[in-house]
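In what follows, a structure is listed as structure tokens, so that the remarks can point back to it.
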Amino acid sequence: MKLLAYDGSFSGFISLIYFCITKGIKPDYIFKFNNLPGLPVIKIKNLNIPLITKYLTSKLGKDELQNIYYAYLSEIENIESFIISYIFYRINNGYNSKINMMFQKIVKNVLYEISDLSTNLIFSKVNNIFFAKIKPYNNVIFPLSNYFSRKLPRETWIIYDVMRSSAILHLNRKNLMLNNVNFKIETKSDSVTHLWENIIRGKKIS
Amino acid sequence: MDIERKLEILSSYAKYDISCVYSKSKNLKIRPKHFIYYSQSNTGKTIPLLKVLFSNACIYDCAYCINRKTNNVPRATFTVDELVNLTTNFYKRNYIKGLFLSSAIIKNPNFTMEQMLKVVKKLRIKEGFKGYIHLKIIPGTSEILVKEAGFYADRVSINVELPTKHSLLLLAPDKKPESIQNPLILSSKTYIETIHEAKKYKSVKIYSPAGQTTQIIVGATPESDKNILSFANKLYNQYKLKRVYYSAYIAINKDKRLPLKNEEIIREKRLYQADFLIREYNFTLEELFEKSKNLNLTLDPKTNWAVNHPDFFPIDINKASYDELLRIPGIGIKSANLIIKARKSSSLSFENLKKLGINLKKAQYFIACNGKKYDKNRELTPLFLFDFTKEVNTVETPSL
Ligand code: SF4
């Protein structure tokens, strides 16, 4: 059994991918440092990320690397090992329709959730801060906050992921990650909500 | 008048303009209820937009329009600041991703366009609004304003409304044909020029980067589908329009010049299908109108063409070219590409097609796999057949 571990970040995972490709190792299970089993595991340290990214882009292409990131965000159990199996197929020009289809499905699900939330997430205004609570199935807070940094660069806003007790605070055009948070914010309806609900959502006009 | 009432009126009366609208509803009888419209961006993403008029107090009197001056309807006009605040507030809550702004003509075309441009400029410059903006160009607007509009909006559009000069003069006597044609020519030219220049110089801003669209009202005047589509072809080929929207006529006003009834919405659908076949599937106008000047309302235009060309079918899936595959009813661009990719590794059977997710419901009648036509009898029929009608018939009626 080949067991590997990394620090739990995507940079760490990229380093792990590089390690596996260069050593030709297909791990059976990949752990995070904060969740190690009582078994011998190979711990992978973070390497030179820009260099590895360049290497992986040349091997897989930019789009595929992006897809790997999205699949990673799915947080499916042992998704890391699955992604590495997929990468081996891709690198060796092999085609395994089952793995391929599964990979595409996972990526699609994550992308769908990002797109869905980017459209349907609603901010409430609380003390001049725009606040939104989400309960995503996948860990999509990062791509989502990137989207809103472009959409609302000047505003101060918080997106709070209830499922993971994490949040992103956008302040002075910068995004800050907040971990282990538990916001208990009461959102109230105001004149803008009223106009939206009554006029635009068509409650008043037929 | 308070902002709530203004919004109520100006979003309500904006719903008759369908340009840029992507209706999410598959049910043709349902028109969008809410005043949020789904526009399709360059990347194919649908974008919810707040769709409002700047004003509905029109000085013109187009026969088909709810806002014409002789109609007795509530009137309202936003101030620039009101509309800017409303848009930014909705946008910051993420209710909308952009604005679709049109207007009736107040005072004169230039005054109206100036007000609309003030809104758009204030949004972009002062508010740093990054959302999508679709801006209508008012017929008769001066060159300067037409030019300016496309550099602040993602998309500009000018409604041509009717496909012939005669119909336009009949139903919209205040709109001179040149008041539509001149801005259309100018915006098309500017769009094409800036696209060419942007290829040479990166700093060049593209005019109306999401392209231009227009709307044609269908069924208010007697033009045939062939007339309408050939007019649309001109708009696509010469004026480089991104999309022509067809809007089935709605009988809102009583007017001798107009039909009494709404146009059937299926006609609108057939026109979209035919428009799509010409633009994406290499069908020609002549092919779609070989037997009649109007489209068949019962069959979609592709199936209609196929049933009228039995000599062209069956098409062998393993040998057909990409263009031939596209002629098969039920097979679209995605399926044609899938077939071409999959048949590289092995020849395809009907089973393979099903596994690829190809919908055989329609296609089965027009295709063959390695010389064999689809044999429905080879499929297993249900073991037990329940014929309820028979059972009911055999029940004896109790004697009274
Ligand atoms: S100019 Fe526009 S708003 Fe005015 S009556 Fe004609 S179609 Fe209606």
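Going through the structure tokens in order, the chains are called A, B, and so on, while each chain numbers its residues from 1 and the ligands are numbered from 1 in the order shown.
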
* Residues at most 6 Å from ligand 1, using only C-alpha atoms and all ligand atoms? Could they come as a PyMOL selection string? -> chain B and resi 58+60-62+65+67-68+104-105

Writer output for current selection, all heavy atoms, as an mmCIF file, in the first residue's frame:
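Writing the result to result.cif gives the following:
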data_model
loop_
_atom_site.group_PDB
_atom_site.id
_atom_site.type_symbol
_atom_site.label_atom_id
_atom_site.label_comp_id
_atom_site.auth_asym_id
_atom_site.auth_seq_id
_atom_site.Cartn_x
_atom_site.Cartn_y
_atom_site.Cartn_z
ATOM 1 N N CYS B 58 -44.221 58.402 -24.362
ATOM 2 C CA CYS B 58 -43.739 58.536 -25.740
ATOM 3 C C CYS B 58 -44.460 59.639 -26.508
ATOM 4 O O CYS B 58 -45.658 59.854 -26.345
ATOM 5 C CB CYS B 58 -43.893 57.206 -26.473
ATOM 6 S SG CYS B 58 -42.814 57.157 -27.907
ATOM 7 N N TYR B 60 -44.302 59.452 -29.833
ATOM 8 C CA TYR B 60 -44.639 58.787 -31.095
ATOM 9 C C TYR B 60 -45.905 57.953 -30.922
ATOM 10 O O TYR B 60 -46.360 57.699 -29.804
ATOM 11 C CB TYR B 60 -43.485 57.878 -31.551
ATOM 12 C CG TYR B 60 -42.299 58.600 -32.153
ATOM 13 C CD1 TYR B 60 -42.195 59.992 -32.136
ATOM 14 C CD2 TYR B 60 -41.269 57.876 -32.752
ATOM 15 C CE1 TYR B 60 -41.092 60.637 -32.682
ATOM 16 C CE2 TYR B 60 -40.163 58.513 -33.308
ATOM 17 C CZ TYR B 60 -40.080 59.896 -33.267
ATOM 18 O OH TYR B 60 -38.992 60.520 -33.812
ATOM 19 N N ASP B 61 -46.371 57.447 -32.057
ATOM 20 C CA ASP B 61 -47.644 56.736 -32.002
ATOM 21 C C ASP B 61 -47.618 55.449 -32.853
ATOM 22 O O ASP B 61 -48.457 55.271 -33.746
ATOM 23 C CB ASP B 61 -48.770 57.673 -32.479
ATOM 24 C CG ASP B 61 -50.108 57.271 -31.888
ATOM 25 O OD1 ASP B 61 -50.120 56.718 -30.766
ATOM 26 O OD2 ASP B 61 -51.135 57.496 -32.541
ATOM 27 N N CYS B 62 -46.677 54.588 -32.544
ATOM 28 C CA CYS B 62 -46.574 53.342 -33.317
ATOM 29 C C CYS B 62 -47.789 52.456 -33.008
ATOM 30 O O CYS B 62 -48.100 52.227 -31.828
ATOM 31 C CB CYS B 62 -45.290 52.605 -32.970
ATOM 32 S SG CYS B 62 -43.853 53.669 -33.129
ATOM 33 N N CYS B 65 -47.708 49.502 -30.322
ATOM 34 C CA CYS B 65 -46.988 49.659 -29.054
ATOM 35 C C CYS B 65 -47.892 50.099 -27.905
ATOM 36 O O CYS B 65 -48.724 51.003 -28.048
ATOM 37 C CB CYS B 65 -45.876 50.686 -29.252
ATOM 38 S SG CYS B 65 -44.970 51.015 -27.753
ATOM 39 N N ASN B 67 -46.993 51.755 -25.376
ATOM 40 C CA ASN B 67 -46.599 53.079 -24.889
ATOM 41 C C ASN B 67 -46.908 54.220 -25.862
ATOM 42 O O ASN B 67 -46.493 55.348 -25.636
ATOM 43 C CB ASN B 67 -45.090 53.091 -24.579
ATOM 44 C CG ASN B 67 -44.747 52.125 -23.477
ATOM 45 O OD1 ASN B 67 -45.415 52.086 -22.461
ATOM 46 N ND2 ASN B 67 -43.709 51.330 -23.688
ATOM 47 N N ARG B 68 -47.602 53.917 -26.942
ATOM 48 C CA ARG B 68 -47.845 54.980 -27.926
ATOM 49 C C ARG B 68 -48.646 56.113 -27.290
ATOM 50 O O ARG B 68 -49.426 55.896 -26.347
ATOM 51 C CB ARG B 68 -48.546 54.418 -29.150
ATOM 52 C CG ARG B 68 -49.956 53.942 -28.907
ATOM 53 C CD ARG B 68 -50.557 53.455 -30.203
ATOM 54 N NE ARG B 68 -51.913 52.998 -30.033
ATOM 55 C CZ ARG B 68 -52.696 52.678 -31.046
ATOM 56 N NH1 ARG B 68 -52.250 52.752 -32.273
ATOM 57 N NH2 ARG B 68 -53.915 52.262 -30.821
ATOM 58 N N ALA B 104 -39.006 54.902 -24.246
ATOM 59 C CA ALA B 104 -39.895 55.546 -25.206
ATOM 60 C C ALA B 104 -39.240 56.890 -25.537
ATOM 61 O O ALA B 104 -38.290 57.301 -24.870
ATOM 62 C CB ALA B 104 -41.256 55.758 -24.570
ATOM 63 N N ILE B 105 -39.759 57.567 -26.548
ATOM 64 C CA ILE B 105 -39.113 58.818 -26.950
ATOM 65 C C ILE B 105 -39.759 60.002 -26.234
ATOM 66 O O ILE B 105 -40.946 60.257 -26.384
ATOM 67 C CB ILE B 105 -39.169 58.988 -28.486
ATOM 68 C CG1 ILE B 105 -38.459 57.780 -29.111
ATOM 69 C CG2 ILE B 105 -38.536 60.302 -28.918
ATOM 70 C CD1 ILE B 105 -38.538 57.721 -30.615
#

(request) Pick out the chain A residues within 12 Å of chain B. Count only C-alpha atoms. Give them as a ChimeraX atom specification. (result) /A:95,97,101,112,115-126,128-132,147-158,189-206

- Show which residues sit within 8 Å of Lys302 (chain B), as a list in words. Count only C-alpha atoms, and ignore same-chain residues fewer than 5 positions away.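 Within the cut-off, the hits are Ala274, Leu277, Arg327, Ile328 and Pro329 of chain B.
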
File dump, residues just selected, C-alpha atoms, as a short mmCIF file (atom, residue, chain, number, x, y, z; two decimals), in the first residue's frame:
data_model
loop_
_atom_site.label_atom_id
_atom_site.label_comp_id
_atom_site.auth_asym_id
_atom_site.auth_seq_id
_atom_site.Cartn_x
_atom_site.Cartn_y
_atom_site.Cartn_z
CA ALA B 274 -34.94 28.22 -39.42
CA LEU B 277 -30.36 26.23 -39.50
CA ARG B 327 -29.00 17.20 -41.94
CA ILE B 328 -30.37 14.35 -39.83
CA PRO B 329 -33.34 15.41 -37.69
#

task = Pull the helix (DSSP H, G or I) assignments for region 69-153 of chain B out of DSSP run on the backbone, and list those residues as a PyMOL selection string.
result = chain B and resi 80-92+109-126+143-152

Query raised in the report: Can you tell me, as a list in words, what residues are no more than 10 Å from Asn159 (chain B) when counting only C-alpha atoms, ignoring any on the same chain fewer than 6 positions away?
Result: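 Using only C-alpha atoms, the neighbours found are Asp17, Ser19, Lys136, Ile137, Ile138, Pro139, Ile180, Gln181, Leu184, Thr213, Thr214, Gln215, Ile216, Ile217, Val244 and Tyr245 of chain B.
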
Quick one: write out the picked residues with N, CA and C atoms as an mmCIF file, in the first residue's frame?
data_model
loop_
_atom_site.group_PDB
_atom_site.id
_atom_site.type_symbol
_atom_site.label_atom_id
_atom_site.label_comp_id
_atom_site.auth_asym_id
_atom_site.auth_seq_id
_atom_site.Cartn_x
_atom_site.Cartn_y
_atom_site.Cartn_z
ATOM 1 N N ASP B 17 -40.579 44.416 -25.274
ATOM 2 C CA ASP B 17 -39.396 44.387 -26.129
ATOM 3 C C ASP B 17 -38.607 43.140 -25.784
ATOM 4 N N SER B 19 -35.860 41.863 -27.477
ATOM 5 C CA SER B 19 -34.475 41.779 -27.944
ATOM 6 C C SER B 19 -33.558 41.382 -26.812
ATOM 7 N N LYS B 136 -30.399 50.260 -25.740
ATOM 8 C CA LYS B 136 -31.148 50.444 -26.990
ATOM 9 C C LYS B 136 -30.768 51.769 -27.603
ATOM 10 N N ILE B 137 -30.606 51.787 -28.898
ATOM 11 C CA ILE B 137 -30.391 53.071 -29.553
ATOM 12 C C ILE B 137 -31.731 53.541 -30.081
ATOM 13 N N ILE B 138 -32.040 54.770 -29.747
ATOM 14 C CA ILE B 138 -33.335 55.330 -30.126
ATOM 15 C C ILE B 138 -33.293 55.728 -31.606
ATOM 16 N N PRO B 139 -34.291 55.323 -32.383
ATOM 17 C CA PRO B 139 -34.308 55.712 -33.797
ATOM 18 C C PRO B 139 -34.200 57.230 -33.934
ATOM 19 N N ILE B 180 -33.839 54.644 -38.598
ATOM 20 C CA ILE B 180 -33.407 53.340 -38.090
ATOM 21 C C ILE B 180 -32.150 52.911 -38.841
ATOM 22 N N GLN B 181 -32.210 53.099 -40.156
ATOM 23 C CA GLN B 181 -31.108 52.620 -40.987
ATOM 24 C C GLN B 181 -29.774 53.326 -40.694
ATOM 25 N N LEU B 184 -28.092 52.194 -37.547
ATOM 26 C CA LEU B 184 -27.719 50.789 -37.733
ATOM 27 C C LEU B 184 -26.437 50.677 -38.568
ATOM 28 N N THR B 213 -27.824 43.479 -31.803
ATOM 29 C CA THR B 213 -29.002 42.645 -32.064
ATOM 30 C C THR B 213 -30.134 43.540 -32.559
ATOM 31 N N THR B 214 -31.182 42.915 -33.001
ATOM 32 C CA THR B 214 -32.367 43.686 -33.361
ATOM 33 C C THR B 214 -33.616 42.843 -33.151
ATOM 34 N N GLN B 215 -34.753 43.473 -33.285
ATOM 35 C CA GLN B 215 -36.015 42.761 -33.114
ATOM 36 C C GLN B 215 -36.930 43.000 -34.310
ATOM 37 N N ILE B 216 -37.591 41.939 -34.737
ATOM 38 C CA ILE B 216 -38.592 42.083 -35.809
ATOM 39 C C ILE B 216 -39.932 41.572 -35.262
ATOM 40 N N ILE B 217 -40.945 42.347 -35.454
ATOM 41 C CA ILE B 217 -42.283 41.899 -35.025
ATOM 42 C C ILE B 217 -42.863 41.027 -36.139
ATOM 43 N N VAL B 244 -30.809 38.183 -34.513
ATOM 44 C CA VAL B 244 -32.077 38.830 -34.848
ATOM 45 C C VAL B 244 -33.141 38.140 -34.005
ATOM 46 N N TYR B 245 -33.910 38.905 -33.266
ATOM 47 C CA TYR B 245 -34.972 38.326 -32.433
ATOM 48 C C TYR B 245 -36.323 38.518 -33.117
#

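In this comparison, which uses only C-alpha atoms, the residue of A:Lys26, A:Lys108, A:Lys133, A:Lys32 approaching Ser85 (chain A) most closely is A:Lys26.
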
Selection near Lys226 (chain B), 7 Å with only C-alpha atoms, sequence-local residues under 3 positions removed, as number ranges by chain: B: 229-230, 289, 293-294

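We find CA of Lys98 (chain A) and CA of Lys23 (chain A) to be spaced 25.1 Å apart.
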
| task | Quote the spacing between CA of Thr79 (chain B) and CA of Leu53 (chain B) in Å to one decimal place. | result |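 That distance, rounded to one decimal, is 11.4 Å.
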
Subject >> Test item: residues at most 12 Å from Pro136 (chain A), only C-alpha atoms, excluding those fewer than 5 positions along its chain, as a PyMOL selection string >> reply: chain A and resi 73-75+109-118+120-121+141-142+144+159-166

Practice item. Determine the nearest neighbour of Leu271 (chain B) from the options B:Leu241, B:Val52, B:Ala57, B:Ile228, counting only C-alpha atoms. Key: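 So, comparing all the options, the nearest one is B:Ile228.
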
> From the set A:Leu4, A:Leu178, A:Tyr137, A:Leu56, which residue has the shortest atom-to-atom contact distance to Ile25 (chain A), counting only C-alpha atoms?
Replying inline: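 Counting only C-alpha atoms, the residue closest to Ile25 (chain A) is A:Leu4.
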
Find the spatial neighbours of region 33-42 of chain A, counting only C-alpha atoms, within a cut-off of 7 Å - ignore same-chain residues fewer than 3 positions away - and output them as a ChimeraX atom specification.
-> /A:3-8
